[in-house]
Amino acid sequence: MWTTFVRIFGIFIIITFSAASIFFSLAERDLAKSDSTLKKLTSYPSFFEDRFYDIRMRKTLDKNKVDKRIVLAAIDEPTLEAYGQWPLPRKVWVDFLDKLQKFNPKVLAFDVFFVEPEKWCTEDGKFSPEHNFSKAIERFQASGNRKVILPYSLNIYRYGEYVTDREFKEIPEELYEFMLSSNISEGNSLKKMSVSKNAWPHPDLLTSMPGLSHIEATEDSDGIYRHYFMVGNVDDLYFPSFGLQSYQMYTDDSPQLIRNNIGEAILKFKDGEMKLNQLGQTKVRWIGGIESFPQVSIKDILQAEDDDPIMKELLENNILFVGSTAYGAHDLRHTPVDPQLPGIFLHMNVVHMLLEGNFFKSIEDSTLFSWWILMAGTLLMIITQLLGKPMLDVTLVCILSFGIYFADVYYLTPKGFEIKLFFCLFSIIASYSWNTFLNFHLSNKDRAFLKGAFENYISPELIDEMYEKGEPPKLGGDSDILTAYFTDIESFSTFSEQLSPSELVELLNEYLTAMTDILLDERGTLDKYEGDAIIAFFGAPMPLKDHAQRACRVAAMMQLRLTELRSNWQQDEKNWPDVVKNMKMRIGINTGEIVTGNMGSTQRMNYTMIGDSVNLAARLEEAAKQYGIYIQISGQTLDELNNPDEFIYRKIDKIRVVGKSEPVETYEIITLNLDVDSKITELVDKFNQGLTFYEAKQWDRAIEIFEETIQLEQYRFSDQVITKTSPSEVYIERCLEFKENPPPEDWDGVYILTKK
């Protein structure tokens, strides 16, 4: 009796959970990011359903299909090389617009913000670059039924916040011309937004009366772009998105926004209806990525002959989007069809969806269909298991799972149904698994027998850990003794000044790849890149007993690898500037109590570290600059080393860093203890002698020693790079300072750093 109750109750929980998860996965899209608590509670089904839907959706795509009505004029590398800068000068856009009159695209949509005025010399011309650009837009729009669209941005109201200084208090008058027809009563409106000043087109460009459309895009809770803002609500007036207005101007369709009798927001087109969520979004039905649309370089358009038949055929009467595909000059979006898709293709896919009329079925239809599949499949599975034939059970669960899967991929998804298949299959398989587990449990309660049953579903290693600990292992939110690791390139701002953007990107990629390979080889965890900086830690999520040893080894190996890179750059035919050939990197390492886990917002999380020990590692990297050293570790890290003799190191100081009250002993890792130059050994021995005299307040004796070691400091680097200072120089200056102004009698040797 009790077993029957447990069996029925378990199946009831599985079905209820699965049905509720289907509902939550569809309802979650209506919540704004400001609804953080509710969104967090309802986001778990989307994590599974959205990814599973993406997999199935990709199988429906025709990789050979290309929509020739929608063309991308790409701001690519050849264009940037030809015209020398990013953003492109207004003069280039003037020539571009004039050239396009020869090829006659019907709609020209710029995925480029034109906010700031371009610098110009009044002696070079009578009119500003913006004036000339505006006139070019006028000329383009004046001849034929052609239209230019410029983008702006909307901000969603969050946490009760209304218009701020970053937004217009009143709707700009230029927008009223593009207002959508709507039939939505007050109090029943979509999520309110405001027009951002930061992305509003330059006033001179608005005199040409271009089309204006908002270009807002936000990712789903897992960081993937699946939804698209079709309309934006500003003061209960509705304005079209970039994709929607491109469609309108191409087709002359005038969609109307309404609410039906059950409260759904519907955008009515001449050939169909599109359901929107409370944010004014719809889910995108993709044609594909980069390969699904024709592309042409802006450089090629500008250099084409006026009567070029190929260019004419490509562009005439089509929608021409202008966007960047050049490396480092465009926004990459993680989408279901490509994890690194330039953002312009999101808009192009939306326009294709509108032109084809490929809209999703209503949420109600998809939900009801999902529930029918869930109930019918689960009940059939349960009834079959009552027959007591295990092989029949396995056969049926396979037939049901694969049959439903293929029916969805080849029929339901192409028809616009968004079936929540993960939880449909979860209910079927979980019910089968629950009954199977109970059957095994009743047959034998022995742990080994139970383990044999579970091995069909999860790894034996995980089972062992669950048995030992009494709970599943968890990742994140743990505090432990770990080692934090920070690196930074010295004087990196100089690199930005002396290198072009493409050269800087090339250099950084080579440098970061080499350093990261070393880090990962020693099982370090890469936290993040911050520009040129590498932030990492050792000992989590996988525990490492020798985390401090590995961190110091990585630091020494990185410096050796940087020596090789410097040599390569000095011989490189690219003729890098001296700042590259002499690149130096500082590293700070500290060991202590650190918290690691998934941290961030409910929508975007990173596995990262926090804690006072992390801050100290960052301070040690910064403080290394004052000593002219390039690997500085704390005394705590040195104490944690399993084998200090693996390194050549020396004590540097006992300091109190900026922002910290407790003093810390610091050490320099000079290099690995492998075939070390005798000069380095001599440097360490004599420097330690000088430090002993310094701590004993024997300033003159200390100065004598440091004047000897100052000649040996250069041997720390195999290629003898030039440094601005060295520890020996620092201590000579400090001894002279203390001779003039002696420290107090009870001085404990601590030196207070007054700057980072």
# chains A, B, ... in the order shown; residues from 1 in each chain; ligands from 1
$ select_by_dssp --residues "range 182-326 of chain A" --states "strand (DSSP E or B)" --output "PyMOL selection string"
chain A and resi 182-183+192-196+211-214+227-229+231-234+237-241+256-259+265-269+272-276+281-283+295-297+319-324
$ write_last_selection --atoms "N, CA and C atoms" --output "compact mmCIF listing (two decimals), in the first residue's frame"
# COMPACT_ATOMS: atom_id res chain seq x y z
N SER A 182 -2.25 51.92 -33.20
CA SER A 182 -2.46 50.99 -32.09
C SER A 182 -3.86 51.18 -31.52
N ASN A 183 -4.32 50.11 -30.93
CA ASN A 183 -5.63 50.12 -30.27
C ASN A 183 -5.48 49.42 -28.93
N LYS A 192 6.89 50.06 -20.47
CA LYS A 192 7.25 51.41 -20.93
C LYS A 192 8.75 51.57 -21.10
N MET A 193 9.09 52.43 -22.07
CA MET A 193 10.50 52.72 -22.38
C MET A 193 10.67 54.22 -22.55
N SER A 194 11.89 54.65 -22.70
CA SER A 194 12.18 56.06 -22.96
C SER A 194 13.29 56.15 -24.00
N VAL A 195 13.34 57.28 -24.70
CA VAL A 195 14.30 57.47 -25.79
C VAL A 195 15.62 57.96 -25.21
N SER A 196 16.69 57.24 -25.52
CA SER A 196 18.01 57.58 -25.00
C SER A 196 18.61 58.76 -25.77
N GLY A 211 14.18 57.85 -42.06
CA GLY A 211 13.40 57.00 -41.17
C GLY A 211 14.16 56.82 -39.86
N LEU A 212 13.42 56.70 -38.76
CA LEU A 212 14.02 56.52 -37.44
C LEU A 212 13.42 55.28 -36.79
N SER A 213 14.28 54.41 -36.29
CA SER A 213 13.78 53.18 -35.66
C SER A 213 14.73 52.78 -34.54
N HIS A 214 14.13 52.21 -33.49
CA HIS A 214 14.96 51.81 -32.35
C HIS A 214 15.63 50.47 -32.63
N HIS A 227 15.05 36.62 -28.79
CA HIS A 227 13.89 37.49 -28.89
C HIS A 227 14.28 38.85 -29.47
N TYR A 228 13.30 39.52 -29.99
CA TYR A 228 13.56 40.78 -30.70
C TYR A 228 12.44 41.78 -30.38
N PHE A 229 12.84 43.00 -30.02
CA PHE A 229 11.86 44.06 -29.76
C PHE A 229 11.25 44.52 -31.09
N VAL A 231 8.31 46.41 -31.18
CA VAL A 231 7.77 47.75 -30.93
C VAL A 231 8.30 48.24 -29.59
N GLY A 232 8.31 49.55 -29.43
CA GLY A 232 8.71 50.16 -28.18
C GLY A 232 7.63 51.12 -27.71
N ASN A 233 7.27 51.04 -26.45
CA ASN A 233 6.23 51.89 -25.87
C ASN A 233 6.87 53.10 -25.20
N VAL A 234 6.64 54.28 -25.79
CA VAL A 234 7.12 55.53 -25.21
C VAL A 234 5.90 56.41 -24.96
N LEU A 237 2.71 55.54 -26.68
CA LEU A 237 2.76 55.59 -28.14
C LEU A 237 3.77 54.53 -28.58
N TYR A 238 3.51 53.87 -29.69
CA TYR A 238 4.31 52.71 -30.08
C TYR A 238 5.08 53.00 -31.36
N PHE A 239 6.39 52.64 -31.31
CA PHE A 239 7.28 52.96 -32.41
C PHE A 239 7.97 51.69 -32.90
N PRO A 240 8.22 51.62 -34.21
CA PRO A 240 8.75 50.38 -34.79
C PRO A 240 10.24 50.19 -34.53
N SER A 241 10.63 48.93 -34.52
CA SER A 241 12.04 48.58 -34.40
C SER A 241 12.74 48.73 -35.75
N GLN A 256 -0.76 47.13 -37.45
CA GLN A 256 -1.49 47.75 -36.34
C GLN A 256 -1.29 46.90 -35.10
N LEU A 257 -1.08 47.58 -33.95
CA LEU A 257 -0.88 46.90 -32.68
C LEU A 257 -2.18 46.93 -31.90
N ILE A 258 -2.64 45.74 -31.46
CA ILE A 258 -3.90 45.67 -30.72
C ILE A 258 -3.74 44.71 -29.55
N ARG A 259 -4.74 44.74 -28.65
CA ARG A 259 -4.89 43.73 -27.61
C ARG A 259 -6.20 43.00 -27.87
N ALA A 265 -1.04 40.85 -26.82
CA ALA A 265 -0.59 41.91 -27.72
C ALA A 265 -0.35 41.30 -29.09
N ILE A 266 -1.00 41.86 -30.10
CA ILE A 266 -0.92 41.30 -31.44
C ILE A 266 -0.53 42.40 -32.42
N LEU A 267 0.44 42.12 -33.26
CA LEU A 267 0.83 43.02 -34.33
C LEU A 267 0.23 42.46 -35.62
N LYS A 268 -0.75 43.19 -36.17
CA LYS A 268 -1.49 42.69 -37.33
C LYS A 268 -0.86 43.22 -38.62
N PHE A 269 -0.48 42.30 -39.49
CA PHE A 269 0.05 42.62 -40.80
C PHE A 269 -0.99 42.30 -41.85
N GLY A 272 -0.90 38.42 -42.01
CA GLY A 272 -0.86 37.57 -40.83
C GLY A 272 -0.79 38.36 -39.55
N GLU A 273 -0.67 37.62 -38.44
CA GLU A 273 -0.61 38.23 -37.12
C GLU A 273 0.60 37.71 -36.36
N MET A 274 1.21 38.60 -35.58
CA MET A 274 2.37 38.23 -34.76
C MET A 274 2.04 38.52 -33.31
N LYS A 275 2.23 37.51 -32.43
CA LYS A 275 2.00 37.68 -31.01
C LYS A 275 3.27 38.26 -30.37
N LEU A 276 3.05 39.24 -29.48
CA LEU A 276 4.16 39.89 -28.78
C LEU A 276 4.02 39.65 -27.28
N GLN A 281 8.20 42.08 -27.53
CA GLN A 281 9.14 41.22 -28.23
C GLN A 281 8.43 40.05 -28.91
N THR A 282 9.09 39.52 -29.91
CA THR A 282 8.70 38.23 -30.48
C THR A 282 9.95 37.37 -30.56
N LYS A 283 9.74 36.07 -30.62
CA LYS A 283 10.86 35.16 -30.81
C LYS A 283 11.19 35.10 -32.30
N GLN A 295 26.34 39.42 -49.28
CA GLN A 295 27.18 40.45 -48.67
C GLN A 295 28.04 41.11 -49.72
N VAL A 296 28.29 42.37 -49.52
CA VAL A 296 29.20 43.10 -50.40
C VAL A 296 29.94 44.13 -49.56
N SER A 297 31.21 44.28 -49.81
CA SER A 297 32.02 45.23 -49.06
C SER A 297 31.67 46.66 -49.49
N ILE A 319 16.53 45.55 -49.90
CA ILE A 319 16.83 46.20 -48.61
C ILE A 319 18.33 46.05 -48.37
N LEU A 320 19.00 47.16 -48.21
CA LEU A 320 20.45 47.15 -48.01
C LEU A 320 20.74 47.57 -46.57
N PHE A 321 21.22 46.64 -45.78
CA PHE A 321 21.64 46.93 -44.41
C PHE A 321 23.13 47.32 -44.42
N VAL A 322 23.47 48.28 -43.59
CA VAL A 322 24.87 48.68 -43.44
C VAL A 322 25.29 48.33 -42.02
N GLY A 323 26.27 47.47 -41.89
CA GLY A 323 26.74 47.07 -40.57
C GLY A 323 28.17 46.58 -40.63
N SER A 324 28.77 46.47 -39.46
CA SER A 324 30.18 46.12 -39.40
C SER A 324 30.38 44.62 -39.21
$ residues_around --residues "Glu646 in chain A" --least-positions-apart "5" --cutoff "10 Å" --atoms "only C-alpha atoms" --output "PyMOL selection string"
chain A and resi 549+552-553+641+671-674
$ residues_around --residues "Lys528 in chain A" --least-positions-apart "2" --cutoff "12 Å" --atoms "only C-alpha atoms" --output "ChimeraX atom specification"
/A:485-487,512,516,525-526,530-537,606-609
$ residues_around --residues "Thr335 in chain A" --least-positions-apart "3" --cutoff "8 Å" --atoms "only C-alpha atoms" --output "PDB file with C-alpha atoms, in the first residue's frame"
ATOM      1  CA  ILE A 224      21.598  33.939 -26.056  1.00  0.00           C
ATOM      2  CA  TYR A 225      19.663  36.292 -28.342  1.00  0.00           C
ATOM      3  CA  ARG A 226      16.375  34.652 -29.304  1.00  0.00           C
ATOM      4  CA  ASP A 338      25.964  31.084 -34.430  1.00  0.00           C
ATOM      5  CA  PRO A 339      27.641  31.788 -31.069  1.00  0.00           C
ATOM      6  CA  GLN A 340      29.532  34.729 -32.599  1.00  0.00           C
ATOM      7  CA  LEU A 341      27.151  36.328 -35.069  1.00  0.00           C
TER       8      LEU A 341
END
$ closest_residue --among "A:Leu205, A:Leu61, A:Leu620, A:Ile710" --to "Ser726 in chain A" --atoms "only C-alpha atoms"
A:Ile710
$ residues_around --residues "Glu138 in chain A" --least-positions-apart "5" --cutoff "12 Å" --atoms "only C-alpha atoms" --output "NGL selection string"
:A and (94 or 97-98 or 101 or 131-133 or 143-144 or 146-148 or 204-211)
$ write_last_selection --atoms "all heavy atoms" --output "short mmCIF file (atom, residue, chain, number, x, y, z; two decimals), in the first residue's frame"
data_model
loop_
_atom_site.label_atom_id
_atom_site.label_comp_id
_atom_site.auth_asym_id
_atom_site.auth_seq_id
_atom_site.Cartn_x
_atom_site.Cartn_y
_atom_site.Cartn_z
N VAL A 94 28.94 60.06 -47.59
CA VAL A 94 28.39 60.91 -48.66
C VAL A 94 28.63 60.25 -50.02
O VAL A 94 27.72 60.12 -50.85
CB VAL A 94 29.03 62.32 -48.61
CG1 VAL A 94 28.62 63.13 -49.83
CG2 VAL A 94 28.59 63.04 -47.33
N LEU A 97 26.40 57.10 -50.39
CA LEU A 97 25.00 57.38 -50.73
C LEU A 97 24.86 57.81 -52.18
O LEU A 97 23.93 57.40 -52.89
CB LEU A 97 24.45 58.46 -49.80
CG LEU A 97 24.04 57.97 -48.40
CD1 LEU A 97 23.98 59.12 -47.42
CD2 LEU A 97 22.71 57.25 -48.45
N ASP A 98 25.77 58.66 -52.64
CA ASP A 98 25.70 59.11 -54.03
C ASP A 98 25.92 57.94 -55.00
O ASP A 98 25.26 57.84 -56.05
CB ASP A 98 26.74 60.20 -54.28
CG ASP A 98 26.37 61.51 -53.57
OD1 ASP A 98 25.18 61.68 -53.22
OD2 ASP A 98 27.27 62.34 -53.36
N GLN A 101 22.81 55.67 -55.56
CA GLN A 101 21.76 56.13 -56.47
C GLN A 101 21.85 55.42 -57.82
O GLN A 101 20.85 55.27 -58.52
CB GLN A 101 21.86 57.65 -56.65
CG GLN A 101 21.56 58.44 -55.39
CD GLN A 101 21.49 59.92 -55.65
OE1 GLN A 101 20.77 60.37 -56.54
NE2 GLN A 101 22.26 60.69 -54.89
N HIS A 131 26.31 68.25 -42.31
CA HIS A 131 25.47 68.93 -43.31
C HIS A 131 25.58 68.21 -44.67
O HIS A 131 24.56 67.95 -45.33
CB HIS A 131 25.90 70.39 -43.44
CG HIS A 131 25.20 71.12 -44.56
ND1 HIS A 131 23.99 71.75 -44.40
CD2 HIS A 131 25.55 71.30 -45.87
CE1 HIS A 131 23.62 72.29 -45.57
NE2 HIS A 131 24.55 72.04 -46.45
N ASN A 132 26.82 67.90 -45.04
CA ASN A 132 27.02 67.22 -46.33
C ASN A 132 26.39 65.82 -46.32
O ASN A 132 25.80 65.38 -47.32
CB ASN A 132 28.52 67.10 -46.62
CG ASN A 132 29.16 68.47 -46.82
OD1 ASN A 132 28.49 69.43 -47.22
ND2 ASN A 132 30.44 68.58 -46.53
N PHE A 133 26.50 65.14 -45.19
CA PHE A 133 25.88 63.82 -45.06
C PHE A 133 24.37 63.93 -45.18
O PHE A 133 23.71 63.15 -45.86
CB PHE A 133 26.29 63.22 -43.70
CG PHE A 133 25.94 61.77 -43.53
CD1 PHE A 133 25.49 60.99 -44.59
CD2 PHE A 133 26.07 61.17 -42.29
CE1 PHE A 133 25.17 59.66 -44.41
CE2 PHE A 133 25.75 59.84 -42.10
CZ PHE A 133 25.30 59.10 -43.17
N SER A 143 15.28 60.84 -55.25
CA SER A 143 15.15 60.20 -56.55
C SER A 143 14.56 58.80 -56.40
O SER A 143 15.20 57.89 -55.89
CB SER A 143 16.52 60.12 -57.23
OG SER A 143 17.49 59.61 -56.34
N GLY A 144 13.31 58.66 -56.74
CA GLY A 144 12.64 57.36 -56.65
C GLY A 144 12.06 57.12 -55.26
O GLY A 144 12.14 57.96 -54.36
N ARG A 146 12.79 55.71 -52.47
CA ARG A 146 13.88 55.17 -51.66
C ARG A 146 13.85 55.82 -50.28
O ARG A 146 13.43 56.96 -50.11
CB ARG A 146 15.23 55.42 -52.33
CG ARG A 146 15.35 54.73 -53.68
CD ARG A 146 16.78 54.68 -54.13
NE ARG A 146 17.34 56.00 -54.40
CZ ARG A 146 17.77 56.41 -55.60
NH1 ARG A 146 17.67 55.60 -56.64
NH2 ARG A 146 18.28 57.60 -55.76
N LYS A 147 14.36 55.09 -49.29
CA LYS A 147 14.33 55.60 -47.93
C LYS A 147 15.57 55.16 -47.16
O LYS A 147 16.06 54.04 -47.31
CB LYS A 147 13.07 55.08 -47.20
CG LYS A 147 12.74 55.85 -45.93
CD LYS A 147 12.35 57.29 -46.21
CE LYS A 147 12.02 58.04 -44.93
NZ LYS A 147 11.70 59.46 -45.18
N VAL A 148 16.08 56.08 -46.33
CA VAL A 148 17.20 55.82 -45.44
C VAL A 148 16.66 55.69 -44.01
O VAL A 148 15.80 56.46 -43.60
CB VAL A 148 18.25 56.95 -45.50
CG1 VAL A 148 19.31 56.76 -44.42
CG2 VAL A 148 18.90 56.99 -46.88
N ASP A 204 21.69 67.67 -37.32
CA ASP A 204 21.82 68.05 -38.73
C ASP A 204 21.32 66.93 -39.66
O ASP A 204 20.80 67.21 -40.74
CB ASP A 204 23.29 68.35 -39.06
CG ASP A 204 23.73 69.70 -38.49
OD1 ASP A 204 22.88 70.40 -37.89
OD2 ASP A 204 24.91 70.04 -38.62
N LEU A 205 21.49 65.68 -39.23
CA LEU A 205 21.05 64.56 -40.07
C LEU A 205 19.53 64.45 -40.12
O LEU A 205 18.96 63.97 -41.10
CB LEU A 205 21.64 63.25 -39.56
CG LEU A 205 23.17 63.16 -39.49
CD1 LEU A 205 23.60 61.78 -39.04
CD2 LEU A 205 23.79 63.49 -40.85
N LEU A 206 18.87 64.92 -39.07
CA LEU A 206 17.41 64.80 -39.02
C LEU A 206 16.72 65.76 -39.97
O LEU A 206 15.54 65.58 -40.30
CB LEU A 206 16.93 65.05 -37.58
CG LEU A 206 17.46 64.06 -36.54
CD1 LEU A 206 16.93 64.40 -35.16
CD2 LEU A 206 17.11 62.63 -36.90
N THR A 207 17.44 66.78 -40.43
CA THR A 207 16.83 67.72 -41.39
C THR A 207 16.54 67.06 -42.72
O THR A 207 15.71 67.55 -43.50
CB THR A 207 17.75 68.93 -41.60
OG1 THR A 207 19.00 68.48 -42.15
CG2 THR A 207 18.01 69.67 -40.29
N SER A 208 17.19 65.93 -42.99
CA SER A 208 16.96 65.22 -44.25
C SER A 208 15.75 64.29 -44.17
O SER A 208 15.44 63.60 -45.13
CB SER A 208 18.20 64.42 -44.64
OG SER A 208 18.48 63.44 -43.65
N MET A 209 15.12 64.25 -42.98
CA MET A 209 13.91 63.45 -42.75
C MET A 209 14.12 61.96 -43.06
O MET A 209 13.38 61.34 -43.81
CB MET A 209 12.74 64.00 -43.57
CG MET A 209 12.40 65.44 -43.24
SD MET A 209 11.00 66.05 -44.18
CE MET A 209 9.68 65.05 -43.50
N PRO A 210 15.14 61.35 -42.46
CA PRO A 210 15.32 59.91 -42.64
C PRO A 210 14.30 59.14 -41.80
O PRO A 210 13.67 59.70 -40.90
CB PRO A 210 16.74 59.67 -42.12
CG PRO A 210 16.90 60.71 -41.05
CD PRO A 210 16.15 61.92 -41.55
N GLY A 211 14.18 57.85 -42.06
CA GLY A 211 13.40 57.00 -41.17
C GLY A 211 14.16 56.82 -39.86
O GLY A 211 15.39 56.82 -39.83
#
$ select_by_dssp --residues "range 192-328 of chain A" --states "helix (DSSP H, G or I)" --output "ChimeraX atom specification"
/A:203-206,242-251,290-292,298-303,309-315
$ atom_distance --atom1 "CA of Ser18 in chain A" --atom2 "CA of Arg51 in chain A"
16.5 Å
$ residues_around --residues "Gln636 in chain A" --least-positions-apart "3" --cutoff "8 Å" --atoms "only C-alpha atoms" --output "CSV table (one decimal) with C-alpha atoms, in the first residue's frame"
chain,number,residue,atom,x,y,z
A,590,ASN,CA,48.5,35.9,-3.0
A,591,THR,CA,47.2,32.9,-1.0
A,592,GLY,CA,44.4,33.1,1.5
A,639,ASP,CA,54.5,29.5,3.2
A,640,GLU,CA,52.2,27.4,1.1
$ residues_around --residues "Ser613 in chain A" --least-positions-apart "4" --cutoff "9 Å" --atoms "only C-alpha atoms" --output "PyMOL selection string"
chain A and resi 482-484+590-594+617-618
$ closest_residue --among "A:Leu354, A:Met375, A:Ile428, A:Leu279" --to "Asp253 in chain A" --atoms "only C-alpha atoms"
A:Leu354
$ closest_residue --among "A:Glu729, A:Glu173, A:Glu662, A:Asp748" --to "Lys697 in chain A" --atoms "only C-alpha atoms"
A:Asp748
$ atom_distance --atom1 "CA of Gln626 in chain A" --atom2 "CA of Asp746 in chain A"
25.5 Å
